[in-house]
$ cat model_16.txt   # compact mmCIF, C-alpha atoms
# COMPACT_ATOMS: atom_id res chain seq x y z
CA MET E 1 13.03 -1.80 5.84
CA ILE E 2 9.32 -1.99 5.19
CA ARG E 3 6.96 -0.84 2.47
CA VAL E 4 3.79 1.01 3.45
CA THR E 5 0.99 1.49 0.93
CA ARG E 6 -1.84 3.93 1.40
CA ARG E 7 -4.94 4.07 -0.82
CA TYR E 8 -6.68 7.26 -1.98
CA GLU E 9 -9.53 7.91 -4.40
CA PHE E 10 -10.62 10.73 -6.64
CA SER E 11 -13.20 11.16 -9.37
CA ALA E 12 -12.50 13.10 -12.52
CA SER E 13 -13.46 13.35 -16.16
CA HIS E 14 -11.25 13.31 -19.22
CA ARG E 15 -11.25 12.99 -22.97
CA LEU E 16 -8.56 11.17 -24.92
CA ASN E 17 -7.73 13.20 -27.99
CA ALA E 18 -4.21 13.65 -29.36
CA PRO E 19 -3.75 17.15 -30.81
CA GLY E 20 -1.34 15.82 -33.45
CA LEU E 21 -3.92 13.47 -34.97
CA SER E 22 -6.93 14.07 -37.18
CA GLU E 23 -10.51 13.62 -35.94
CA THR E 24 -10.81 10.28 -37.75
CA GLU E 25 -7.47 9.04 -36.43
CA ASN E 26 -8.39 10.04 -32.88
CA GLN E 27 -11.71 8.22 -33.16
CA ARG E 28 -9.98 5.11 -34.45
CA LEU E 29 -7.26 5.22 -31.77
CA TYR E 30 -9.32 6.04 -28.69
CA GLY E 31 -12.81 4.80 -29.62
CA LYS E 32 -15.40 5.71 -26.99
CA CYS E 33 -12.73 7.52 -24.94
CA ASN E 34 -12.64 10.14 -27.71
CA ASN E 35 -16.26 11.24 -27.09
CA PRO E 36 -16.02 15.06 -27.42
CA PHE E 37 -18.06 15.64 -24.26
CA GLY E 38 -15.66 13.58 -22.12
CA HIS E 39 -16.43 10.88 -19.55
CA GLY E 40 -15.30 10.09 -15.99
CA HIS E 41 -13.73 7.51 -13.69
CA ASN E 42 -13.35 6.77 -9.99
CA TYR E 43 -9.58 6.64 -9.89
CA VAL E 44 -7.94 4.58 -7.12
CA LEU E 45 -4.44 5.76 -6.25
CA ASP E 46 -2.05 3.61 -4.16
CA VAL E 47 1.06 5.42 -2.92
CA SER E 48 3.87 3.14 -1.67
CA VAL E 49 6.71 4.42 0.47
CA ARG E 50 9.70 2.61 1.86
CA GLY E 51 11.81 3.10 4.95
CA PRO E 52 13.09 1.78 8.26
CA LEU E 53 10.93 1.89 11.39
CA ASP E 54 11.20 4.90 13.67
CA SER E 55 12.09 3.48 17.09
CA ARG E 56 9.75 5.78 19.04
CA SER E 57 6.62 5.40 16.96
CA GLY E 58 7.14 1.95 15.43
CA ARG E 59 6.12 3.44 12.07
CA ALA E 60 7.93 3.78 8.75
CA VAL E 61 5.99 6.91 7.75
CA ASP E 62 3.89 9.52 9.52
CA LEU E 63 0.55 8.88 7.81
CA THR E 64 -0.81 12.29 8.78
CA VAL E 65 2.02 13.91 6.82
CA LEU E 66 1.66 11.57 3.82
CA ASP E 67 -2.13 12.06 3.76
CA ALA E 68 -1.74 15.84 3.84
CA LEU E 69 0.79 15.75 0.98
CA VAL E 70 -1.43 13.60 -1.25
CA ARG E 71 -4.55 15.55 -0.32
CA ASP E 72 -2.96 18.96 -1.00
CA ARG E 73 -1.00 18.07 -4.14
CA VAL E 74 -3.15 15.43 -5.81
CA ILE E 75 -6.67 14.92 -4.49
CA GLN E 76 -7.61 18.58 -4.19
CA ALA E 77 -6.22 19.30 -7.64
CA PHE E 78 -7.95 16.41 -9.43
CA ASP E 79 -11.10 15.42 -7.51
CA ARG E 80 -14.33 16.44 -9.25
CA ARG E 81 -12.37 18.06 -12.07
CA ASN E 82 -12.23 17.84 -15.82
CA LEU E 83 -8.56 16.94 -16.38
CA ASN E 84 -8.35 18.34 -19.92
CA GLU E 85 -9.99 21.66 -19.05
CA GLU E 86 -8.77 22.31 -15.54
CA ILE E 87 -5.24 20.89 -15.27
CA GLU E 88 -2.85 22.94 -17.34
CA HIS E 89 -0.49 20.00 -17.98
CA PHE E 90 -3.28 18.16 -19.80
CA SER E 91 -4.09 21.01 -22.15
CA SER E 92 -1.19 19.73 -24.26
CA VAL E 93 -0.66 16.16 -22.95
CA VAL E 94 -3.31 13.45 -23.50
CA PRO E 95 -4.72 12.53 -20.04
CA THR E 96 -4.35 8.79 -20.45
CA THR E 97 -3.94 7.07 -17.10
CA GLU E 98 -0.30 6.37 -18.06
CA ASN E 99 0.30 10.12 -18.33
CA LEU E 100 -1.77 10.79 -15.21
CA GLY E 101 0.32 8.29 -13.22
CA LEU E 102 3.56 9.86 -14.43
CA PHE E 103 2.28 13.34 -13.60
CA ILE E 104 1.19 12.35 -10.07
CA HIS E 105 4.51 10.57 -9.45
CA GLU E 106 6.44 13.65 -10.64
CA ARG E 107 4.33 15.98 -8.53
CA LEU E 108 4.83 13.89 -5.37
CA LYS E 109 8.58 13.73 -6.03
CA GLN E 110 8.70 17.49 -6.49
CA HIS E 111 7.29 18.10 -3.01
CA TRP E 112 8.82 15.05 -1.30
CA GLY E 113 11.99 16.70 0.04
CA ALA E 114 10.11 19.57 1.68
CA THR E 115 7.56 17.14 3.19
CA PHE E 116 10.01 14.46 4.39
CA PRO E 117 13.33 16.29 4.90
CA GLY E 118 15.26 13.22 6.17
CA GLU E 119 16.70 10.31 4.18
CA TRP E 120 13.54 8.26 4.83
CA PRO E 121 10.85 7.45 3.91
CA GLN E 122 11.34 7.35 0.16
CA LEU E 123 8.64 7.29 -2.48
CA GLU E 124 8.71 3.80 -3.99
CA LYS E 125 5.85 3.72 -6.45
CA VAL E 126 2.50 5.04 -7.49
CA ARG E 127 -0.21 2.68 -8.71
CA ILE E 128 -3.29 4.08 -10.33
CA ALA E 129 -6.39 2.18 -11.33
CA GLU E 130 -8.65 3.85 -13.88
CA THR E 131 -11.16 1.04 -13.51
CA GLU E 132 -10.79 -2.30 -11.75
CA ARG E 133 -9.44 -3.69 -15.02
CA ASN E 134 -6.96 -0.98 -16.07
CA ILE E 135 -4.09 -0.53 -13.65
CA PHE E 136 -0.79 1.33 -14.09
CA GLU E 137 2.31 1.50 -11.90
CA VAL E 138 5.08 4.08 -11.96
CA SER E 139 8.23 3.33 -9.98
CA GLU E 140 11.14 5.50 -8.94
CA SER E 141 13.01 4.79 -12.17
CA HIS E 142 10.14 6.59 -13.84
CA GLU E 143 9.00 3.90 -16.17
CA ILE E 144 5.62 2.32 -16.35
CA ILE E 145 6.29 -1.14 -14.96
CA GLU E 146 2.89 -2.69 -15.28
CA ALA E 147 -0.19 -2.20 -17.34
CA ARG E 148 -3.01 -4.67 -17.62
CA MET P 1 7.29 -19.45 -8.29
CA LEU P 2 5.44 -17.42 -5.66
CA ILE P 3 2.39 -18.74 -3.81
CA THR P 4 0.26 -16.71 -1.46
CA ARG P 5 -2.15 -17.77 1.23
CA ARG P 6 -4.47 -15.32 2.96
CA VAL P 7 -5.69 -15.48 6.55
CA GLU P 8 -7.67 -13.01 8.61
CA PHE P 9 -7.91 -12.09 12.24
CA SER P 10 -9.78 -9.43 14.20
CA ALA P 11 -8.06 -7.76 17.10
CA SER P 12 -7.93 -4.57 19.12
CA HIS P 13 -4.91 -2.43 19.85
CA VAL P 14 -3.73 0.91 21.18
CA CYS P 15 -1.03 2.74 19.26
CA ALA P 16 0.98 4.22 22.10
CA ASN P 17 4.58 3.85 23.20
CA PRO P 18 4.55 2.99 26.95
CA GLN P 19 7.78 4.97 27.37
CA LEU P 20 6.12 8.20 26.23
CA GLY P 21 3.51 10.35 27.95
CA GLU P 22 -0.15 10.50 26.93
CA GLU P 23 0.22 13.88 25.26
CA GLU P 24 3.22 12.78 23.19
CA ASN P 25 1.40 9.60 22.16
CA ARG P 26 -1.65 11.64 21.12
CA ARG P 27 0.61 13.82 19.01
CA LEU P 28 2.30 10.81 17.37
CA PHE P 29 -0.69 8.53 16.84
CA GLY P 30 -3.79 10.77 17.04
CA ASP P 31 -7.05 8.92 17.73
CA ALA P 32 -5.24 5.58 17.49
CA ALA P 33 -3.73 6.37 20.92
CA ASN P 34 -7.15 6.15 22.65
CA PRO P 35 -6.19 4.15 25.79
CA HIS P 36 -9.31 1.98 25.65
CA GLY P 37 -8.20 0.62 22.29
CA HIS P 38 -9.99 0.09 18.98
CA GLY P 39 -10.06 -2.78 16.50
CA HIS P 40 -9.44 -3.87 12.93
CA ASN P 41 -10.14 -6.83 10.70
CA TYR P 42 -6.57 -7.60 9.73
CA VAL P 43 -5.88 -9.46 6.49
CA VAL P 44 -2.52 -11.24 6.22
CA GLU P 45 -1.09 -12.47 2.93
CA VAL P 46 1.86 -14.82 3.32
CA THR P 47 3.90 -15.38 0.15
CA LEU P 48 6.31 -18.28 -0.29
CA GLN P 49 8.93 -18.77 -2.97
CA GLY P 50 9.85 -22.18 -4.31
CA ASP P 51 9.60 -24.69 -7.11
CA PRO P 52 6.88 -27.32 -7.31
CA ASP P 53 7.97 -30.71 -6.03
CA PRO P 54 8.25 -33.00 -9.11
CA LEU P 55 6.24 -35.75 -7.40
CA SER P 56 3.41 -33.78 -5.76
CA GLY P 57 3.35 -30.78 -8.12
CA MET P 58 3.14 -28.54 -5.04
CA VAL P 59 5.52 -25.91 -3.64
CA LEU P 60 4.24 -26.72 -0.17
CA ASP P 61 1.27 -28.78 0.98
CA LEU P 62 -1.36 -26.08 1.56
CA LYS P 63 -2.82 -28.11 4.44
CA GLU P 64 0.53 -27.79 6.15
CA LEU P 65 0.74 -24.05 5.38
CA LYS P 66 -2.78 -23.55 6.68
CA ALA P 67 -1.90 -25.35 9.93
CA ILE P 68 1.24 -23.20 10.40
CA LEU P 69 -0.64 -19.95 9.79
CA ASN P 70 -3.45 -20.94 12.14
CA ARG P 71 -1.01 -22.00 14.85
CA GLU P 72 1.32 -18.99 14.58
CA ILE P 73 -1.05 -16.17 13.59
CA VAL P 74 -4.79 -16.82 13.85
CA ASP P 75 -4.85 -18.71 17.16
CA PRO P 76 -2.71 -16.24 19.11
CA PHE P 77 -4.01 -13.01 17.45
CA ASP P 78 -7.70 -13.53 16.66
CA HIS P 79 -10.15 -11.76 19.00
CA ARG P 80 -7.36 -10.55 21.27
CA PHE P 81 -6.29 -7.19 22.65
CA LEU P 82 -2.78 -7.14 21.20
CA ASN P 83 -1.19 -4.80 23.78
CA LYS P 84 -2.48 -6.86 26.70
CA GLU P 85 -2.50 -10.42 25.40
CA VAL P 86 0.07 -10.87 22.63
CA PRO P 87 3.75 -10.31 23.47
CA PRO P 88 5.85 -8.40 22.44
CA PHE P 89 3.08 -5.81 22.04
CA ASP P 90 3.05 -5.16 25.78
CA ARG P 91 6.28 -3.22 25.12
CA THR P 92 6.36 -2.76 21.31
CA VAL P 93 3.77 -0.49 19.68
CA PRO P 94 1.40 -2.72 17.64
CA THR P 95 1.54 -0.58 14.50
CA VAL P 96 0.77 -2.49 11.32
CA GLU P 97 4.50 -2.31 10.53
CA ASN P 98 5.43 -4.05 13.78
CA ILE P 99 2.62 -6.60 13.38
CA ALA P 100 4.00 -7.58 9.95
CA ILE P 101 7.53 -7.98 11.37
CA GLU P 102 6.25 -10.03 14.32
CA ILE P 103 4.29 -12.33 12.00
CA TRP P 104 7.40 -12.80 9.83
CA ASN P 105 9.46 -13.69 12.91
CA ARG P 106 6.84 -16.18 14.12
CA ILE P 107 6.37 -18.07 10.84
CA PHE P 108 9.89 -17.85 9.40
CA PRO P 109 11.29 -20.85 11.36
CA SER P 110 8.53 -23.10 9.93
CA LEU P 111 8.88 -21.72 6.40
CA SER P 112 12.59 -21.71 5.65
CA GLY P 113 12.94 -25.20 4.21
CA PRO P 114 14.77 -26.03 0.98
CA GLN P 115 11.52 -26.55 -0.96
CA ALA P 116 9.64 -23.40 0.04
CA ARG P 117 10.87 -20.36 1.86
CA LEU P 118 9.12 -17.27 3.13
CA HIS P 119 9.24 -14.44 0.57
CA SER P 120 7.04 -11.69 2.06
CA VAL P 121 4.33 -10.86 4.54
CA ARG P 122 1.64 -8.34 3.66
CA VAL P 123 -0.69 -7.08 6.37
CA TYR P 124 -3.78 -4.97 5.65
CA GLU P 125 -4.95 -2.97 8.65
CA THR P 126 -7.80 -1.51 6.57
CA PRO P 127 -8.52 -1.80 2.83
CA GLY P 128 -6.71 1.55 2.47
CA LEU P 129 -3.53 0.78 4.41
CA TYR P 130 -1.16 -2.15 4.13
CA VAL P 131 2.52 -2.93 4.58
CA ASP P 132 4.91 -5.41 2.94
CA TYR P 133 7.84 -6.92 4.82
CA PHE P 134 10.54 -8.95 3.07
CA GLY P 135 12.71 -9.82 6.08
CA GLU P 136 15.79 -8.17 7.48
CA SER P 137 17.88 -8.64 4.36
CA GLU P 138 15.79 -6.08 2.45
$ encode --input "model_16.txt" --output "structure tokens"
Amino acid sequence: MIRVTRRYEFSASHRLNAPGLSETENQRLYGKCNNPFGHGHNYVLDVSVRGPLDSRSGRAVDLTVLDALVRDRVIQAFDRRNLNEEIEHFSSVVPTTENLGLFIHERLKQHWGATFPGEWPQLEKVRIAETERNIFEVSESHEIIEAR
Amino acid sequence: MLITRRVEFSASHVCANPQLGEEENRRLFGDAANPHGHGHNYVVEVTLQGDPDPLSGMVLDLKELKAILNREIVDPFDHRFLNKEVPPFDRTVPTVENIAIEIWNRIFPSLSGPQARLHSVRVYETPGLYVDYFGESE
């Protein structure tokens, strides 16, 4: 069993503003991230999968297939987008990187079975860095296991 | 406690299974099957698990670890064509997965003492692709 991690990047803008809070409360909670015009990040997404080695190829995952899945379901949807305005999920959910990580993990899981029909490889975790100093991991059990 | 030491080596390889035809290898590995080979700057992170020795305050003398990693990894792998010069890659495809397993197998005998034992091997083939191997028990 081996874990393979592949790194992807996308750039997007967002604004942190909770609909259930007042303008003052949102400003206090999110500070500069509440700027009404939004702001952007270069997100770095690490996708980790786990599985045994295929005896013919010596690989645990076909990277062409994984790359196509992430490109079609994540990168093309988010790259050069305004998350609040262009991703329906974030019209009602605050696009914090916690919520973005959960959404990406859920989306990959949704399409995993059709992409990898066998028992392996399995999706192990998604790690998303909003900046080099803010990093979030979502594992199979669906909880955020690290934030720093 | 976990301690990690990083070493690097540069090597060339061809990702192709000698038991398969050229067309099948192209289909499986794409450009990486180019028979002339291509290269990477591999980065290897070796992680040990253990408790600091009460006298020395060290899990393992890093000079000793450095010597093991140089002897078992850097000396045989650095500036080599893996398929042609580093067994078992004359018959095993030198994917980054297999490289990590081979490194584990080479260093495990020197790093299985009571004080410090091998926990994991991480190998970066590029900054955007790496694997972690935790031994057969995982």
$ closest_residue --input "model_16.txt" --among "E:His41, E:His89, E:Arg7, E:Arg127" --to "His105 in chain E" --atoms "only C-alpha atoms"
E:Arg127
$ closest_residue --input "model_16.txt" --among "E:Gln110, E:Ser55, E:Asn84, E:Ser11" --to "chain P" --atoms "all atoms listed in the file"
E:Ser55
$ interface_residues --input "model_16.txt" --of "chain P" --to "chain E" --cutoff "12 Å" --atoms "only C-alpha atoms" --output "PyMOL selection string"
chain P and resi 15-21+24-33+89+91-101+104+120-138
$ residues_around --input "model_16.txt" --residues "Phe77 in chain P" --least-positions-apart "6" --cutoff "7 Å" --atoms "all atoms listed in the file" --output "ChimeraX atom specification"
/P:9,11,86
$ closest_residue --input "model_16.txt" --among "P:His38, P:Lys63, P:Arg71, P:Arg117" --to "Asn83 in chain P" --atoms "all atoms listed in the file"
P:His38
